[in-house]
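Heads up: the structure comes next, in structure tokens.
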Amino acid sequence: MTEEQRSLLLKSSSRFPPPQGVKLSYGTAGFRADASILESTVYRVGILAALRSLKTKSVIGLMITASHNKVSDNGVKIADPSGGMLTQNWEPFADALANASDPGDLVRLIIEFVKKENIPFEGVCPAEVLLGRDTRPSGGSLLEAAKQGVSSIVGAIALDMGVLTTPQLHWMVRARNKSMKASEVDYFEQISSSFRCLMDLIPEGSKINEMDDKLIVDGANGVGGEKLAGLKKMFNSLVIDVRNSGKEGGVLNEGVGADYVQKEKCFRCASLDGDADRLVYFLVLPKDNNIDLVDGDKILSLFALFMKEQLAILNTNGNEKINNYYHARLGVVQTAYANGASTDYLKKQSLEVLFTPTGVKYLHEKAAEFDIGIYFEANGHGTILFSEEFLCWLEARDNELSSMSKGSEQKKAALTLLAVSKLINQAVGDALSGLLLVEAILRHMGWSIHRWNALYQDLPSRQLKVKVVDRTAVVTANAETVVVKPPGLQEAINAEIAKYPQGRSFVRPSGTEDIIRVYAEASTQDAADSLGNSVARLVDKFLGFSSSS
Ligand code: 16G
Ligand code: MG
């Protein structure tokens, strides 16, 4: 390391002392904590992002958000060159950097890591980091810290992209690295034009139920509502009423639009989280004004059904002479939190269903193994990934069909699939583009939200948290469905599950809070509650505070 680089790092890092007595961890989705203690962490992640850019010779993203967490929290995470999450190999280095006790220690760690990873250092290569943040008031000063971090690596520059949704930043990183247009206007242009294209392809006669025609979106007073308000101006075929857009002075993530929805007796509603990477729908039951959640599992089911149908049309041969057939592998990816009824339903549709541990990085990686990989967590994180190979074939097929059978069903299916691949965010799950795809598919099917919701009925479930002495004492396997440590706990859980018809339960250490989470489902709500409580008692017995005394 040159003297210039060393003194630059020592000088700038001395302005960002780490918080005392706090151990930070990159966690499931980056660092998160009370915003008041995060400046040093964000500064150091700025350094990390610059190094990652040098290593990959690509543009890297740095997003400042704490998603659905309370407004006084904040967080920071990295987008890799593909637009996906930071490679898991670098997480230990992220942890070490964030926890380095003083500037000397920090510089030592960087020297070691640069050597180990063989990173072209000292201004030989340029490095570029795109910075984004959500609407949290702490975002501005944390953004400054990130800029300082990036520019403390010689040759690295930071570009402030402004207030964005998390998926917008991921999209921009991917687009930049593919040498495509990558501004916010380009993002809006791409998703609105592909949405319009899908709307034009709606079969004659599939008219959505009039009652259902207005969509109300709860923007959680976050960045998504604001962006959606801008986006909806780009088409008039969809009426969207954005509530809690953050413009009315509401507090981020506090309260939802459900009360309003109930009074208005409007039946199709969607809800985003603070940084707009999660989407769920809900409807108000006319009987008792209760809310029925149409969650990520149902969005997944709707998407899977539609993709399967379009692929089937595309591969129908009819009287056609050319036998240009591509066996596209369609796969769906869920986590153990997926309602058992959704998994049953998907399997009955002869779909290939796979499971991964919780966290977008795991689902995304698995879905990328398919030609069309659809992944969703029940909580609304998800998207559809298309393989390059399949998209190339599809484009060629589309051209071929243009000359042979204009206006045919096959041609429409090819166009539909291409439009979906442009509408749905290929970098990461995106509530805005997900919402537009749901809306387009419902219109294609001619379905109301009630019809969609009736695809299957969720099994009653219960989720609980248990405080334990050390959550890392729980080690799981098989996509978090089986506890391997501590010994005996899984056997005890199995004995409980066996008491309940359609019983299923699992426990896992949270990646975002210092607790163990318990999930239980069964044929009735009482049974799910009772199974959940019994399993929570077992966790407490094996790992709780009373077990250690
Ligand atoms: C993070 C993850 C989310 C996961 C949740 C689980 C991303 C972008 N976000 O919010 O996918 O469902 O953590 O939290 O990966 P838990 O570990 O506390 O249950
Ligand atoms: Mg989020």
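By order of appearance in the structure tokens: chains A, B, ..., then residues from 1 within every chain, and ligands from 1 in the order shown.
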Out of segment 313-439 of chain A, which residues get alpha helix (DSSP H) from DSSP, as a PDB file with N, CA and C atoms, in the first residue's frame?
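Generated file (part17.pdb):
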ATOM      1  N   ILE A 313     -48.591 -22.659 -24.421  1.00  0.00           N
ATOM      2  CA  ILE A 313     -49.091 -22.112 -25.692  1.00  0.00           C
ATOM      3  C   ILE A 313     -47.936 -22.007 -26.697  1.00  0.00           C
ATOM      4  N   LEU A 314     -46.815 -21.526 -26.194  1.00  0.00           N
ATOM      5  CA  LEU A 314     -45.651 -21.338 -27.059  1.00  0.00           C
ATOM      6  C   LEU A 314     -45.199 -22.650 -27.680  1.00  0.00           C
ATOM      7  N   GLY A 340     -48.100 -24.533   3.684  1.00  0.00           N
ATOM      8  CA  GLY A 340     -48.126 -25.898   3.145  1.00  0.00           C
ATOM      9  C   GLY A 340     -49.150 -26.046   2.031  1.00  0.00           C
ATOM     10  N   ALA A 341     -50.255 -25.300   2.124  1.00  0.00           N
ATOM     11  CA  ALA A 341     -51.289 -25.397   1.093  1.00  0.00           C
ATOM     12  C   ALA A 341     -50.761 -24.878  -0.244  1.00  0.00           C
ATOM     13  N   SER A 342     -49.861 -23.884  -0.203  1.00  0.00           N
ATOM     14  CA  SER A 342     -49.323 -23.340  -1.456  1.00  0.00           C
ATOM     15  C   SER A 342     -48.407 -24.378  -2.108  1.00  0.00           C
ATOM     16  N   THR A 343     -47.585 -25.018  -1.295  1.00  0.00           N
ATOM     17  CA  THR A 343     -46.667 -26.027  -1.841  1.00  0.00           C
ATOM     18  C   THR A 343     -47.465 -27.181  -2.455  1.00  0.00           C
ATOM     19  N   ASP A 344     -48.510 -27.624  -1.763  1.00  0.00           N
ATOM     20  CA  ASP A 344     -49.375 -28.692  -2.299  1.00  0.00           C
ATOM     21  C   ASP A 344     -49.951 -28.278  -3.638  1.00  0.00           C
ATOM     22  N   TYR A 345     -50.452 -27.053  -3.666  1.00  0.00           N
ATOM     23  CA  TYR A 345     -51.083 -26.542  -4.879  1.00  0.00           C
ATOM     24  C   TYR A 345     -50.080 -26.536  -6.048  1.00  0.00           C
ATOM     25  N   LEU A 346     -48.884 -26.005  -5.792  1.00  0.00           N
ATOM     26  CA  LEU A 346     -47.873 -25.906  -6.854  1.00  0.00           C
ATOM     27  C   LEU A 346     -47.473 -27.292  -7.359  1.00  0.00           C
ATOM     28  N   LYS A 347     -47.343 -28.224  -6.413  1.00  0.00           N
ATOM     29  CA  LYS A 347     -46.952 -29.580  -6.819  1.00  0.00           C
ATOM     30  C   LYS A 347     -48.061 -30.228  -7.644  1.00  0.00           C
ATOM     31  N   LYS A 348     -49.295 -29.953  -7.275  1.00  0.00           N
ATOM     32  CA  LYS A 348     -50.427 -30.511  -8.045  1.00  0.00           C
ATOM     33  C   LYS A 348     -50.464 -29.953  -9.463  1.00  0.00           C
ATOM     34  N   VAL A 360     -33.292 -13.499   0.677  1.00  0.00           N
ATOM     35  CA  VAL A 360     -33.345 -13.381  -0.785  1.00  0.00           C
ATOM     36  C   VAL A 360     -32.124 -13.996  -1.455  1.00  0.00           C
ATOM     37  N   LYS A 361     -30.942 -13.810  -0.850  1.00  0.00           N
ATOM     38  CA  LYS A 361     -29.726 -14.285  -1.516  1.00  0.00           C
ATOM     39  C   LYS A 361     -29.781 -15.787  -1.813  1.00  0.00           C
ATOM     40  N   TYR A 362     -30.434 -16.547  -0.936  1.00  0.00           N
ATOM     41  CA  TYR A 362     -30.489 -18.000  -1.161  1.00  0.00           C
ATOM     42  C   TYR A 362     -31.514 -18.362  -2.240  1.00  0.00           C
ATOM     43  N   LEU A 363     -32.683 -17.724  -2.157  1.00  0.00           N
ATOM     44  CA  LEU A 363     -33.739 -18.051  -3.130  1.00  0.00           C
ATOM     45  C   LEU A 363     -33.323 -17.645  -4.542  1.00  0.00           C
ATOM     46  N   HIS A 364     -32.719 -16.465  -4.625  1.00  0.00           N
ATOM     47  CA  HIS A 364     -32.326 -15.918  -5.921  1.00  0.00           C
ATOM     48  C   HIS A 364     -31.342 -16.864  -6.622  1.00  0.00           C
ATOM     49  N   GLU A 365     -30.365 -17.307  -5.836  1.00  0.00           N
ATOM     50  CA  GLU A 365     -29.330 -18.186  -6.383  1.00  0.00           C
ATOM     51  C   GLU A 365     -29.953 -19.469  -6.945  1.00  0.00           C
ATOM     52  N   LYS A 366     -30.897 -20.010  -6.215  1.00  0.00           N
ATOM     53  CA  LYS A 366     -31.534 -21.263  -6.649  1.00  0.00           C
ATOM     54  C   LYS A 366     -32.373 -21.024  -7.904  1.00  0.00           C
ATOM     55  N   ALA A 367     -33.145 -19.938  -7.901  1.00  0.00           N
ATOM     56  CA  ALA A 367     -34.035 -19.662  -9.042  1.00  0.00           C
ATOM     57  C   ALA A 367     -33.227 -19.442 -10.323  1.00  0.00           C
ATOM     58  N   GLU A 388     -30.392 -16.301 -19.780  1.00  0.00           N
ATOM     59  CA  GLU A 388     -29.978 -15.628 -21.027  1.00  0.00           C
ATOM     60  C   GLU A 388     -30.267 -16.528 -22.223  1.00  0.00           C
ATOM     61  N   GLU A 389     -29.976 -17.815 -22.038  1.00  0.00           N
ATOM     62  CA  GLU A 389     -30.126 -18.763 -23.144  1.00  0.00           C
ATOM     63  C   GLU A 389     -31.579 -18.813 -23.613  1.00  0.00           C
ATOM     64  N   PHE A 390     -32.487 -18.881 -22.647  1.00  0.00           N
ATOM     65  CA  PHE A 390     -33.904 -18.949 -22.990  1.00  0.00           C
ATOM     66  C   PHE A 390     -34.366 -17.646 -23.653  1.00  0.00           C
ATOM     67  N   LEU A 391     -33.903 -16.516 -23.121  1.00  0.00           N
ATOM     68  CA  LEU A 391     -34.322 -15.233 -23.707  1.00  0.00           C
ATOM     69  C   LEU A 391     -33.833 -15.091 -25.150  1.00  0.00           C
ATOM     70  N   CYS A 392     -32.594 -15.574 -25.413  1.00  0.00           N
ATOM     71  CA  CYS A 392     -32.064 -15.527 -26.785  1.00  0.00           C
ATOM     72  C   CYS A 392     -32.945 -16.353 -27.705  1.00  0.00           C
ATOM     73  N   TRP A 393     -33.254 -17.573 -27.238  1.00  0.00           N
ATOM     74  CA  TRP A 393     -34.111 -18.449 -28.044  1.00  0.00           C
ATOM     75  C   TRP A 393     -35.471 -17.794 -28.286  1.00  0.00           C
ATOM     76  N   LEU A 394     -36.002 -17.179 -27.233  1.00  0.00           N
ATOM     77  CA  LEU A 394     -37.345 -16.582 -27.304  1.00  0.00           C
ATOM     78  C   LEU A 394     -37.361 -15.434 -28.317  1.00  0.00           C
ATOM     79  N   GLU A 395     -36.302 -14.657 -28.318  1.00  0.00           N
ATOM     80  CA  GLU A 395     -36.253 -13.540 -29.266  1.00  0.00           C
ATOM     81  C   GLU A 395     -36.183 -14.053 -30.703  1.00  0.00           C
ATOM     82  N   ALA A 396     -35.375 -15.090 -30.896  1.00  0.00           N
ATOM     83  CA  ALA A 396     -35.267 -15.669 -32.235  1.00  0.00           C
ATOM     84  C   ALA A 396     -36.620 -16.253 -32.654  1.00  0.00           C
ATOM     85  N   ARG A 397     -37.252 -16.919 -31.724  1.00  0.00           N
ATOM     86  CA  ARG A 397     -38.554 -17.542 -31.984  1.00  0.00           C
ATOM     87  C   ARG A 397     -39.598 -16.479 -32.326  1.00  0.00           C
ATOM     88  N   ASP A 398     -39.531 -15.400 -31.594  1.00  0.00           N
ATOM     89  CA  ASP A 398     -40.466 -14.299 -31.812  1.00  0.00           C
ATOM     90  C   ASP A 398     -40.303 -13.747 -33.237  1.00  0.00           C
ATOM     91  N   ASN A 399     -39.055 -13.576 -33.671  1.00  0.00           N
ATOM     92  CA  ASN A 399     -38.799 -13.098 -35.041  1.00  0.00           C
ATOM     93  C   ASN A 399     -39.328 -14.068 -36.075  1.00  0.00           C
ATOM     94  N   GLU A 400     -39.057 -15.340 -35.808  1.00  0.00           N
ATOM     95  CA  GLU A 400     -39.487 -16.390 -36.723  1.00  0.00           C
ATOM     96  C   GLU A 400     -41.018 -16.377 -36.860  1.00  0.00           C
ATOM     97  N   LEU A 401     -41.673 -16.262 -35.716  1.00  0.00           N
ATOM     98  CA  LEU A 401     -43.143 -16.277 -35.720  1.00  0.00           C
ATOM     99  C   LEU A 401     -43.708 -15.042 -36.418  1.00  0.00           C
ATOM    100  N   SER A 402     -42.977 -13.933 -36.344  1.00  0.00           N
ATOM    101  CA  SER A 402     -43.456 -12.705 -36.982  1.00  0.00           C
ATOM    102  C   SER A 402     -43.613 -12.927 -38.480  1.00  0.00           C
ATOM    103  N   SER A 403     -42.656 -13.686 -39.061  1.00  0.00           N
ATOM    104  CA  SER A 403     -42.739 -13.881 -40.501  1.00  0.00           C
ATOM    105  C   SER A 403     -43.727 -14.980 -40.862  1.00  0.00           C
ATOM    106  N   MET A 404     -43.934 -15.940 -39.947  1.00  0.00           N
ATOM    107  CA  MET A 404     -44.787 -17.092 -40.279  1.00  0.00           C
ATOM    108  C   MET A 404     -46.240 -16.940 -39.871  1.00  0.00           C
ATOM    109  N   GLU A 409     -51.579 -17.374 -31.622  1.00  0.00           N
ATOM    110  CA  GLU A 409     -51.489 -17.493 -30.169  1.00  0.00           C
ATOM    111  C   GLU A 409     -50.037 -17.663 -29.727  1.00  0.00           C
ATOM    112  N   GLN A 410     -49.277 -18.388 -30.552  1.00  0.00           N
ATOM    113  CA  GLN A 410     -47.867 -18.617 -30.210  1.00  0.00           C
ATOM    114  C   GLN A 410     -47.069 -17.319 -30.230  1.00  0.00           C
ATOM    115  N   LYS A 411     -47.342 -16.531 -31.239  1.00  0.00           N
ATOM    116  CA  LYS A 411     -46.654 -15.239 -31.354  1.00  0.00           C
ATOM    117  C   LYS A 411     -46.973 -14.379 -30.121  1.00  0.00           C
ATOM    118  N   LYS A 412     -48.263 -14.413 -29.735  1.00  0.00           N
ATOM    119  CA  LYS A 412     -48.661 -13.614 -28.564  1.00  0.00           C
ATOM    120  C   LYS A 412     -47.973 -14.118 -27.293  1.00  0.00           C
ATOM    121  N   ALA A 413     -47.859 -15.456 -27.185  1.00  0.00           N
ATOM    122  CA  ALA A 413     -47.205 -16.011 -25.993  1.00  0.00           C
ATOM    123  C   ALA A 413     -45.736 -15.604 -25.950  1.00  0.00           C
ATOM    124  N   ALA A 414     -45.075 -15.615 -27.114  1.00  0.00           N
ATOM    125  CA  ALA A 414     -43.657 -15.212 -27.161  1.00  0.00           C
ATOM    126  C   ALA A 414     -43.525 -13.748 -26.736  1.00  0.00           C
ATOM    127  N   LEU A 415     -44.414 -12.914 -27.282  1.00  0.00           N
ATOM    128  CA  LEU A 415     -44.365 -11.492 -26.928  1.00  0.00           C
ATOM    129  C   LEU A 415     -44.662 -11.280 -25.441  1.00  0.00           C
ATOM    130  N   THR A 416     -45.617 -12.050 -24.943  1.00  0.00           N
ATOM    131  CA  THR A 416     -45.991 -11.927 -23.531  1.00  0.00           C
ATOM    132  C   THR A 416     -44.803 -12.272 -22.632  1.00  0.00           C
ATOM    133  N   LEU A 417     -44.144 -13.400 -22.938  1.00  0.00           N
ATOM    134  CA  LEU A 417     -43.010 -13.814 -22.103  1.00  0.00           C
ATOM    135  C   LEU A 417     -41.872 -12.790 -22.178  1.00  0.00           C
ATOM    136  N   LEU A 418     -41.635 -12.250 -23.359  1.00  0.00           N
ATOM    137  CA  LEU A 418     -40.582 -11.234 -23.492  1.00  0.00           C
ATOM    138  C   LEU A 418     -40.933  -9.983 -22.685  1.00  0.00           C
ATOM    139  N   ALA A 419     -42.200  -9.593 -22.758  1.00  0.00           N
ATOM    140  CA  ALA A 419     -42.614  -8.399 -22.002  1.00  0.00           C
ATOM    141  C   ALA A 419     -42.486  -8.651 -20.497  1.00  0.00           C
ATOM    142  N   VAL A 420     -42.839  -9.862 -20.050  1.00  0.00           N
ATOM    143  CA  VAL A 420     -42.704 -10.173 -18.618  1.00  0.00           C
ATOM    144  C   VAL A 420     -41.235 -10.062 -18.197  1.00  0.00           C
ATOM    145  N   SER A 421     -40.338 -10.558 -19.065  1.00  0.00           N
ATOM    146  CA  SER A 421     -38.914 -10.542 -18.687  1.00  0.00           C
ATOM    147  C   SER A 421     -38.379  -9.117 -18.580  1.00  0.00           C
ATOM    148  N   LYS A 422     -39.032  -8.183 -19.276  1.00  0.00           N
ATOM    149  CA  LYS A 422     -38.577  -6.789 -19.186  1.00  0.00           C
ATOM    150  C   LYS A 422     -39.263  -6.049 -18.052  1.00  0.00           C
ATOM    151  N   LEU A 423     -40.491  -6.473 -17.757  1.00  0.00           N
ATOM    152  CA  LEU A 423     -41.235  -5.802 -16.686  1.00  0.00           C
ATOM    153  C   LEU A 423     -40.691  -6.215 -15.311  1.00  0.00           C
ATOM    154  N   ALA A 431     -41.238  -4.561  -5.586  1.00  0.00           N
ATOM    155  CA  ALA A 431     -42.681  -4.428  -5.364  1.00  0.00           C
ATOM    156  C   ALA A 431     -43.369  -3.686  -6.511  1.00  0.00           C
ATOM    157  N   LEU A 432     -42.716  -2.687  -7.082  1.00  0.00           N
ATOM    158  CA  LEU A 432     -43.377  -1.906  -8.133  1.00  0.00           C
ATOM    159  C   LEU A 432     -43.581  -2.738  -9.397  1.00  0.00           C
ATOM    160  N   SER A 433     -42.524  -3.406  -9.850  1.00  0.00           N
ATOM    161  CA  SER A 433     -42.698  -4.175 -11.076  1.00  0.00           C
ATOM    162  C   SER A 433     -43.534  -5.423 -10.790  1.00  0.00           C
ATOM    163  N   GLY A 434     -43.420  -5.988  -9.584  1.00  0.00           N
ATOM    164  CA  GLY A 434     -44.246  -7.143  -9.206  1.00  0.00           C
ATOM    165  C   GLY A 434     -45.727  -6.784  -9.235  1.00  0.00           C
ATOM    166  N   LEU A 435     -46.038  -5.605  -8.713  1.00  0.00           N
ATOM    167  CA  LEU A 435     -47.427  -5.142  -8.679  1.00  0.00           C
ATOM    168  C   LEU A 435     -47.993  -4.995 -10.094  1.00  0.00           C
ATOM    169  N   LEU A 436     -47.191  -4.421 -10.988  1.00  0.00           N
ATOM    170  CA  LEU A 436     -47.678  -4.247 -12.362  1.00  0.00           C
ATOM    171  C   LEU A 436     -47.892  -5.604 -13.035  1.00  0.00           C
ATOM    172  N   LEU A 437     -47.021  -6.570 -12.705  1.00  0.00           N
ATOM    173  CA  LEU A 437     -47.206  -7.892 -13.317  1.00  0.00           C
ATOM    174  C   LEU A 437     -48.470  -8.568 -12.768  1.00  0.00           C
ATOM    175  N   VAL A 438     -48.699  -8.464 -11.466  1.00  0.00           N
ATOM    176  CA  VAL A 438     -49.929  -9.036 -10.905  1.00  0.00           C
ATOM    177  C   VAL A 438     -51.143  -8.422 -11.619  1.00  0.00           C
ATOM    178  N   GLU A 439     -51.123  -7.110 -11.749  1.00  0.00           N
ATOM    179  CA  GLU A 439     -52.256  -6.423 -12.367  1.00  0.00           C
ATOM    180  C   GLU A 439     -52.466  -6.893 -13.813  1.00  0.00           C
TER     181      GLU A 439
END
*DSSP on the backbone: what in segment 174-370 of chain A comes out strand (DSSP E), as a ChimeraX atom specification?*
/A:215-218,240-243,269-272,279-284,291-294,330-334,352-355
*Test item: residues no farther than 10 Å from ligand 2, counting only C-alpha atoms and all ligand atoms, as a ChimeraX atom specification*: /A:29,65-69,165-167,272-279,379-381,429-431
How would the residues just chosen look if you wrote them out with N, CA, C and O atoms as a PDB file, in the first residue's frame?
ATOM      1  N   ALA A  29     -29.451  -9.424   5.389  1.00  0.00           N
ATOM      2  CA  ALA A  29     -29.570  -8.420   4.326  1.00  0.00           C
ATOM      3  C   ALA A  29     -28.803  -7.161   4.709  1.00  0.00           C
ATOM      4  O   ALA A  29     -29.347  -6.071   4.750  1.00  0.00           O
ATOM      5  N   THR A  65     -30.724   1.654   3.732  1.00  0.00           N
ATOM      6  CA  THR A  65     -32.136   1.442   4.065  1.00  0.00           C
ATOM      7  C   THR A  65     -32.230   0.464   5.229  1.00  0.00           C
ATOM      8  O   THR A  65     -31.336  -0.360   5.427  1.00  0.00           O
ATOM      9  N   ALA A  66     -33.313   0.559   5.992  1.00  0.00           N
ATOM     10  CA  ALA A  66     -33.609  -0.492   6.962  1.00  0.00           C
ATOM     11  C   ALA A  66     -34.973  -1.087   6.642  1.00  0.00           C
ATOM     12  O   ALA A  66     -35.693  -1.554   7.531  1.00  0.00           O
ATOM     13  N   SER A  67     -35.349  -1.016   5.340  1.00  0.00           N
ATOM     14  CA  SER A  67     -36.538  -1.702   4.844  1.00  0.00           C
ATOM     15  C   SER A  67     -37.765  -1.435   5.712  1.00  0.00           C
ATOM     16  O   SER A  67     -38.127  -0.287   5.945  1.00  0.00           O
ATOM     17  N   HIS A  68     -38.351  -2.531   6.230  1.00  0.00           N
ATOM     18  CA  HIS A  68     -39.602  -2.429   6.984  1.00  0.00           C
ATOM     19  C   HIS A  68     -39.372  -2.056   8.455  1.00  0.00           C
ATOM     20  O   HIS A  68     -40.332  -1.899   9.207  1.00  0.00           O
ATOM     21  N   ASN A  69     -38.118  -1.948   8.883  1.00  0.00           N
ATOM     22  CA  ASN A  69     -37.866  -1.633  10.298  1.00  0.00           C
ATOM     23  C   ASN A  69     -38.244  -0.188  10.616  1.00  0.00           C
ATOM     24  O   ASN A  69     -38.489   0.613   9.718  1.00  0.00           O
ATOM     25  N   THR A 165     -35.930   3.217  -4.443  1.00  0.00           N
ATOM     26  CA  THR A 165     -36.306   1.959  -3.811  1.00  0.00           C
ATOM     27  C   THR A 165     -35.070   1.057  -3.897  1.00  0.00           C
ATOM     28  O   THR A 165     -34.212   1.251  -4.783  1.00  0.00           O
ATOM     29  N   THR A 166     -34.976   0.083  -3.004  1.00  0.00           N
ATOM     30  CA  THR A 166     -33.835  -0.851  -3.069  1.00  0.00           C
ATOM     31  C   THR A 166     -33.755  -1.528  -4.439  1.00  0.00           C
ATOM     32  O   THR A 166     -32.688  -1.574  -5.054  1.00  0.00           O
ATOM     33  N   PRO A 167     -34.890  -2.047  -4.960  1.00  0.00           N
ATOM     34  CA  PRO A 167     -34.787  -2.725  -6.262  1.00  0.00           C
ATOM     35  C   PRO A 167     -34.370  -1.797  -7.403  1.00  0.00           C
ATOM     36  O   PRO A 167     -33.730  -2.244  -8.352  1.00  0.00           O
ATOM     37  N   LEU A 272     -46.843  -2.225   0.233  1.00  0.00           N
ATOM     38  CA  LEU A 272     -45.388  -2.301   0.022  1.00  0.00           C
ATOM     39  C   LEU A 272     -44.698  -2.162   1.374  1.00  0.00           C
ATOM     40  O   LEU A 272     -45.321  -1.752   2.345  1.00  0.00           O
ATOM     41  N   ASP A 273     -43.401  -2.436   1.421  1.00  0.00           N
ATOM     42  CA  ASP A 273     -42.663  -2.115   2.646  1.00  0.00           C
ATOM     43  C   ASP A 273     -41.827  -0.852   2.405  1.00  0.00           C
ATOM     44  O   ASP A 273     -41.872  -0.258   1.326  1.00  0.00           O
ATOM     45  N   GLY A 274     -41.087  -0.427   3.422  1.00  0.00           N
ATOM     46  CA  GLY A 274     -40.420   0.878   3.413  1.00  0.00           C
ATOM     47  C   GLY A 274     -39.485   1.121   2.241  1.00  0.00           C
ATOM     48  O   GLY A 274     -39.336   2.251   1.791  1.00  0.00           O
ATOM     49  N   ASP A 275     -38.814   0.083   1.727  1.00  0.00           N
ATOM     50  CA  ASP A 275     -37.898   0.294   0.598  1.00  0.00           C
ATOM     51  C   ASP A 275     -38.395  -0.397  -0.670  1.00  0.00           C
ATOM     52  O   ASP A 275     -37.646  -0.555  -1.634  1.00  0.00           O
ATOM     53  N   ALA A 276     -39.672  -0.826  -0.630  1.00  0.00           N
ATOM     54  CA  ALA A 276     -40.381  -1.325  -1.821  1.00  0.00           C
ATOM     55  C   ALA A 276     -39.747  -2.550  -2.481  1.00  0.00           C
ATOM     56  O   ALA A 276     -39.754  -2.684  -3.701  1.00  0.00           O
ATOM     57  N   ASP A 277     -39.194  -3.454  -1.655  1.00  0.00           N
ATOM     58  CA  ASP A 277     -38.784  -4.735  -2.242  1.00  0.00           C
ATOM     59  C   ASP A 277     -39.713  -5.868  -1.803  1.00  0.00           C
ATOM     60  O   ASP A 277     -39.466  -7.030  -2.092  1.00  0.00           O
ATOM     61  N   ARG A 278     -40.774  -5.500  -1.083  1.00  0.00           N
ATOM     62  CA  ARG A 278     -41.755  -6.520  -0.687  1.00  0.00           C
ATOM     63  C   ARG A 278     -43.145  -6.100  -1.117  1.00  0.00           C
ATOM     64  O   ARG A 278     -43.512  -4.936  -1.012  1.00  0.00           O
ATOM     65  N   LEU A 279     -43.922  -7.088  -1.559  1.00  0.00           N
ATOM     66  CA  LEU A 279     -45.285  -6.813  -2.030  1.00  0.00           C
ATOM     67  C   LEU A 279     -46.231  -7.880  -1.510  1.00  0.00           C
ATOM     68  O   LEU A 279     -45.944  -9.074  -1.635  1.00  0.00           O
ATOM     69  N   ASN A 379     -43.422 -13.543   2.837  1.00  0.00           N
ATOM     70  CA  ASN A 379     -43.514 -12.133   3.219  1.00  0.00           C
ATOM     71  C   ASN A 379     -43.467 -11.159   2.033  1.00  0.00           C
ATOM     72  O   ASN A 379     -43.484  -9.955   2.223  1.00  0.00           O
ATOM     73  N   GLY A 380     -43.378 -11.676   0.813  1.00  0.00           N
ATOM     74  CA  GLY A 380     -43.532 -10.808  -0.356  1.00  0.00           C
ATOM     75  C   GLY A 380     -42.268 -10.441  -1.118  1.00  0.00           C
ATOM     76  O   GLY A 380     -42.327  -9.684  -2.071  1.00  0.00           O
ATOM     77  N   HIS A 381     -41.109 -10.973  -0.690  1.00  0.00           N
ATOM     78  CA  HIS A 381     -39.875 -10.773  -1.457  1.00  0.00           C
ATOM     79  C   HIS A 381     -39.852 -11.783  -2.591  1.00  0.00           C
ATOM     80  O   HIS A 381     -39.855 -12.978  -2.316  1.00  0.00           O
ATOM     81  N   GLY A 429     -36.112  -8.911  -6.181  1.00  0.00           N
ATOM     82  CA  GLY A 429     -37.564  -8.729  -6.053  1.00  0.00           C
ATOM     83  C   GLY A 429     -37.908  -7.248  -5.926  1.00  0.00           C
ATOM     84  O   GLY A 429     -37.228  -6.509  -5.231  1.00  0.00           O
ATOM     85  N   ASP A 430     -38.971  -6.824  -6.628  1.00  0.00           N
ATOM     86  CA  ASP A 430     -39.272  -5.404  -6.752  1.00  0.00           C
ATOM     87  C   ASP A 430     -40.783  -5.231  -6.649  1.00  0.00           C
ATOM     88  O   ASP A 430     -41.534  -5.679  -7.519  1.00  0.00           O
ATOM     89  N   ALA A 431     -41.238  -4.561  -5.586  1.00  0.00           N
ATOM     90  CA  ALA A 431     -42.681  -4.428  -5.364  1.00  0.00           C
ATOM     91  C   ALA A 431     -43.369  -3.686  -6.511  1.00  0.00           C
ATOM     92  O   ALA A 431     -44.488  -4.020  -6.875  1.00  0.00           O
TER      93      ALA A 431
END
_Spatial neighbours of Leu354 of chain A, 9 Å, only C-alpha atoms, chain gap at least 2 places, as a ChimeraX atom specification_ = /A:331-335,352,356,366-367
*Which residues form the shell of 6 Å around ligand 1 when you count only C-alpha atoms and all ligand atoms, given as a ChimeraX atom specification?*
/A:28-29,358-361,510-513
*Separation of atom CA of Glu144 of chain A and atom CA of Thr87 of chain A, in Å?*
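Answer for the atom CA of Glu144 of chain A to atom CA of Thr87 of chain A separation: 24.7 Å.
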_Considering only C-alpha atoms, can you say which of A:Ala473, A:Leu106, A:Leu51, A:Ala522 comes closest to Asn118 of chain A?_
A:Leu51
